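Only one structure is covered here, and it is reproduced in the block below.
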Amino acid sequence: MSDPFLTEILPQLASGAAHTHALGFKYEGVEGDRVRLRTPWRPDLVGDPETEVFAGGLVTAMLDHVGGLAVWVALGGFRPIATLDLRVDYMRAARPCVDLLAEARCYRLTRTIGFVRAWAFEDDPKDPVAAAQSTYVINSDGGRGIGANLKSERAA
Amino acid sequence: MSDLLDTLPYARFLGLKTARDGDVLTVTMPFADHLIGNPLLPALHGGSTAAMLELTAIAQVALIWPRLRLPRPITVTTAYLRSGRPQDVHARARISRAGRRVAHVLAEAWQDDPAQPIASVTAHFSLDCS
C-alpha cells in the first residue's frame, strides 16, 4: 500500500510543475486505476466574471493533467509522456465559487499510446461538469524526433 | 471588443494580449514561467496552450457576433502537434459556421512560423442563453 511512486512521486507530478502549481492543483489520491485532482476555487481562474465560474480553459488544463496522471498510474511509474489529442465535452456550467475535482482512468495502454477517459465535477462524479476522452504518447521525445519539425523543401 | 480578453480573469492569468486587424484577432501569450508544464524539456503545459486557443476562439466569435452572454464551449478538441517551447505563442481562430445557436470554430497556435502550428483546436460554441 505504501508504493513510493504513489505516495511521493505522483503528488509531485500532480502539482510540481510551474503551471500546475500556479493553478493550485492538489493531489487527491489514487483508487484502483482512478486518480483524482482538486482545484480550489479562485477568482483569478474564472472565465466570465459575470458568472464567477471556473474558465473552460481551467477545466481543460485539469482534464489534460489528470489524464496524464492516470497514464502514469497505469504504467506504474514515471515515463515521459505528451498529450496527443484531447476532446472535452462541457455538459453544464460549473457551480460558482466551488472547488472543482477531476478524475481519470487510463482504460487502455499500448506500447506507445495511453487511452484515457476523464471527468470533472464538484462532488458527484455521476453529475459531471465536463468529460474528456484523450490520448497520450508514451516515451515522448517532446516532439523533437525524426520528422517532428519537418519543413517542406520548398519552404526551406 | 478586441479588449474582451483583458476583462476575463483566466485570460489575464495567462497574460493574453489581443491585436485586431479588421475582423481578425491575433492573440499572443507572452512566455512566462508559470505556463511551463514540463520543466525538463522545458515545454509549455498543454493546458495553457489549449486554454489560450479556446479563449482566442471565444474572442473571435464574440467580436463577429456580439451577444449579451459570451459564447460557451460545448465541445473542444485539441490536437497537440509540437512541443511548446519556452517562448511566445500566437493564435488565430476562423469561424467555419455560425447558426442561431451554435458556432463552429477552428483555431491554431504557433510560435515562430504559422505554417508549423504547435496545436490546433476544433470547437463548437453555444451562442444562446440556455
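The chains in the C-alpha cells are called A, B, ... from first to last as shown; in each chain the residues are counted from 1, and the ligands are counted from 1 in the order shown.
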
Write down as a ChimeraX atom specification the residues of chain A whose backbone DSSP state falls under strand (DSSP E or B). /A:26-31,34-39,46,54,81-90,100-109,113-121,130-138

Write out as an mmCIF file with C-alpha atoms, in the first residue's frame every residue belonging to chain A that has an atom at most 9 Å from any atom of chain B, counting only C-alpha atoms.
data_model
loop_
_atom_site.group_PDB
_atom_site.id
_atom_site.type_symbol
_atom_site.label_atom_id
_atom_site.label_comp_id
_atom_site.auth_asym_id
_atom_site.auth_seq_id
_atom_site.Cartn_x
_atom_site.Cartn_y
_atom_site.Cartn_z
ATOM 1 C CA GLY A 16 5.101 20.188 -9.039
ATOM 2 C CA ALA A 17 5.430 21.985 -12.389
ATOM 3 C CA ALA A 18 5.146 25.755 -12.619
ATOM 4 C CA HIS A 19 1.781 25.773 -14.407
ATOM 5 C CA THR A 20 0.092 23.195 -12.186
ATOM 6 C CA HIS A 21 1.486 24.945 -9.111
ATOM 7 C CA ALA A 22 0.210 28.330 -10.352
ATOM 8 C CA LEU A 23 -3.247 26.818 -10.936
ATOM 9 C CA PRO A 43 -11.388 34.381 -8.589
ATOM 10 C CA ASP A 44 -8.423 34.783 -10.951
ATOM 11 C CA LEU A 45 -9.209 31.450 -12.639
ATOM 12 C CA VAL A 46 -12.714 32.492 -13.655
ATOM 13 C CA GLY A 47 -13.752 32.635 -17.325
ATOM 14 C CA ASP A 48 -16.642 35.064 -17.399
ATOM 15 C CA PRO A 49 -16.522 37.484 -14.435
ATOM 16 C CA PHE A 54 -14.082 28.455 -13.477
ATOM 17 C CA ALA A 55 -12.912 29.114 -17.042
ATOM 18 C CA GLY A 56 -13.302 26.358 -19.616
ATOM 19 C CA GLY A 57 -9.543 26.554 -20.020
ATOM 20 C CA LEU A 58 -9.016 25.626 -16.364
ATOM 21 C CA VAL A 59 -11.308 22.614 -16.791
ATOM 22 C CA THR A 60 -9.342 21.630 -19.907
ATOM 23 C CA ALA A 61 -5.994 22.025 -18.124
ATOM 24 C CA MET A 62 -7.229 19.850 -15.232
ATOM 25 C CA LEU A 63 -8.590 17.122 -17.509
ATOM 26 C CA ASP A 64 -5.390 17.147 -19.575
ATOM 27 C CA HIS A 65 -3.264 16.865 -16.455
ATOM 28 C CA ALA A 82 2.844 14.055 -24.023
ATOM 29 C CA THR A 83 -0.814 14.698 -24.763
ATOM 30 C CA LEU A 84 -1.597 13.856 -28.358
ATOM 31 C CA ASP A 85 -5.287 14.649 -28.536
ATOM 32 C CA LEU A 86 -7.848 15.846 -26.009
ATOM 33 C CA ARG A 87 -11.579 16.195 -26.532
ATOM 34 C CA VAL A 88 -13.576 17.930 -23.803
ATOM 35 C CA ASP A 89 -17.389 17.946 -23.693
ATOM 36 C CA TYR A 90 -18.848 20.634 -21.460
ATOM 37 C CA MET A 91 -22.118 19.252 -20.154
ATOM 38 C CA ARG A 92 -23.150 22.077 -17.845
ATOM 39 C CA ASP A 141 10.624 12.974 -27.127
ATOM 40 C CA GLY A 142 8.774 16.259 -26.750
ATOM 41 C CA GLY A 143 8.163 16.495 -30.485
ATOM 42 C CA ARG A 144 11.858 16.602 -31.249
ATOM 43 C CA ALA A 148 8.609 16.182 -35.911
ATOM 44 C CA ASN A 149 9.605 19.576 -37.174
ATOM 45 C CA LEU A 150 9.751 18.937 -40.891
ATOM 46 C CA LYS A 151 9.627 21.918 -43.160
#

Contact residues around Asp33 in chain A with only C-alpha atoms at 8 Å, ignoring same-chain residues under 3 positions, as a ChimeraX atom specification: /A:30,70,73-74,105-106

Please produce a file of those selected residues containing N, CA and C atoms, as a PDB file, in the first residue's frame.
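The resulting file, again_19.pdb, is reproduced below:
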ATOM      1  N   VAL A  30      -5.208   8.092  -5.305  1.00  0.00           N
ATOM      2  CA  VAL A  30      -5.496   7.062  -6.299  1.00  0.00           C
ATOM      3  C   VAL A  30      -6.410   6.033  -5.674  1.00  0.00           C
ATOM      4  N   ALA A  70      -3.202   9.556 -14.846  1.00  0.00           N
ATOM      5  CA  ALA A  70      -3.801   8.218 -14.993  1.00  0.00           C
ATOM      6  C   ALA A  70      -2.913   7.319 -15.839  1.00  0.00           C
ATOM      7  N   VAL A  73      -0.227   6.166 -13.576  1.00  0.00           N
ATOM      8  CA  VAL A  73      -0.750   5.134 -12.675  1.00  0.00           C
ATOM      9  C   VAL A  73      -0.794   3.795 -13.409  1.00  0.00           C
ATOM     10  N   ALA A  74      -1.270   3.823 -14.653  1.00  0.00           N
ATOM     11  CA  ALA A  74      -1.356   2.575 -15.437  1.00  0.00           C
ATOM     12  C   ALA A  74       0.030   2.017 -15.724  1.00  0.00           C
ATOM     13  N   ARG A 105      -9.150   7.757 -15.672  1.00  0.00           N
ATOM     14  CA  ARG A 105      -8.588   6.411 -15.717  1.00  0.00           C
ATOM     15  C   ARG A 105      -8.069   6.119 -17.120  1.00  0.00           C
ATOM     16  N   CYS A 106      -6.936   5.457 -17.146  1.00  0.00           N
ATOM     17  CA  CYS A 106      -6.345   5.028 -18.407  1.00  0.00           C
ATOM     18  C   CYS A 106      -6.882   3.636 -18.666  1.00  0.00           C
TER      19      CYS A 106
END

Shell of 7 Å around Thr56 in chain B, only C-alpha atoms, local chain residues under 4 positions omitted, as a list in words: Val27, Met52, Gln60, Ala91, Arg92 and Ala93 of chain B

Any chance you could export the current selection's C-alpha atoms as a short mmCIF file (atom, residue, chain, number, x, y, z; two decimals), in the first residue's frame?
data_model
loop_
_atom_site.label_atom_id
_atom_site.label_comp_id
_atom_site.auth_asym_id
_atom_site.auth_seq_id
_atom_site.Cartn_x
_atom_site.Cartn_y
_atom_site.Cartn_z
CA VAL B 27 -3.90 36.61 -29.66
CA MET B 52 -5.30 30.08 -24.97
CA GLN B 60 -13.18 35.85 -32.28
CA ALA B 91 -3.12 32.12 -32.15
CA ARG B 92 -5.86 32.90 -34.60
CA ALA B 93 -9.36 31.46 -34.97
#

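Here the residues within chain B that DSSP labels alpha helix (DSSP H) on the basis of the backbone are Pro9, Tyr10, Ala11, Arg12, Phe13, Leu14, Gly46, Gly47, Ser48, Thr49, Ala50, Ala51, Met52, Leu53, Glu54, Leu55, Thr56, Ala57, Ile58, Ala59, Gln60, Val61, Ala62, Leu63 and Ile64 of chain B.
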
I'd like the neighbourhood of Trp72 in chain A as a list of chain:residue names, where a residue qualifies if any of its atoms comes within 9 Å (using only C-alpha atoms), though same-chain residues fewer than 4 positions away should be ignored. A:Leu10, A:Gly67, A:Gly68, A:Gly76, A:Gly77, A:Phe78, A:Arg79, A:Ile81, A:Cys106

Those same residues, written as an mmCIF file, in the first residue's frame with N, CA and C atoms?
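Contents of the output file again.cif:
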data_model
loop_
_atom_site.group_PDB
_atom_site.id
_atom_site.type_symbol
_atom_site.label_atom_id
_atom_site.label_comp_id
_atom_site.auth_asym_id
_atom_site.auth_seq_id
_atom_site.Cartn_x
_atom_site.Cartn_y
_atom_site.Cartn_z
ATOM 1 N N LEU A 10 3.977 10.637 -7.519
ATOM 2 C CA LEU A 10 2.744 11.082 -8.186
ATOM 3 C C LEU A 10 2.238 12.435 -7.662
ATOM 4 N N GLY A 67 -5.460 13.260 -16.739
ATOM 5 C CA GLY A 67 -5.330 12.161 -17.697
ATOM 6 C C GLY A 67 -3.904 11.658 -17.772
ATOM 7 N N GLY A 68 -2.953 12.594 -17.740
ATOM 8 C CA GLY A 68 -1.544 12.210 -17.732
ATOM 9 C C GLY A 68 -1.199 11.428 -16.475
ATOM 10 N N GLY A 76 2.563 2.447 -13.798
ATOM 11 C CA GLY A 76 3.180 2.091 -12.530
ATOM 12 C C GLY A 76 4.478 2.833 -12.263
ATOM 13 N N GLY A 77 4.714 3.914 -12.977
ATOM 14 C CA GLY A 77 5.920 4.695 -12.753
ATOM 15 C C GLY A 77 6.019 5.814 -13.761
ATOM 16 N N PHE A 78 7.025 6.660 -13.574
ATOM 17 C CA PHE A 78 7.170 7.817 -14.456
ATOM 18 C C PHE A 78 7.875 7.451 -15.752
ATOM 19 N N ARG A 79 7.284 7.832 -16.861
ATOM 20 C CA ARG A 79 7.963 7.849 -18.160
ATOM 21 C C ARG A 79 7.535 9.138 -18.837
ATOM 22 N N ILE A 81 5.712 11.512 -21.093
ATOM 23 C CA ILE A 81 4.512 11.387 -21.923
ATOM 24 C C ILE A 81 4.143 12.770 -22.452
ATOM 25 N N CYS A 106 -6.936 5.457 -17.146
ATOM 26 C CA CYS A 106 -6.345 5.028 -18.407
ATOM 27 C C CYS A 106 -6.882 3.636 -18.666
#

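Distance annotation: of B:His90, B:Leu106, B:Asp6, B:Asp128, the residue with the minimal separation from Thr26 in chain B is B:His90; atom set is only C-alpha atoms.
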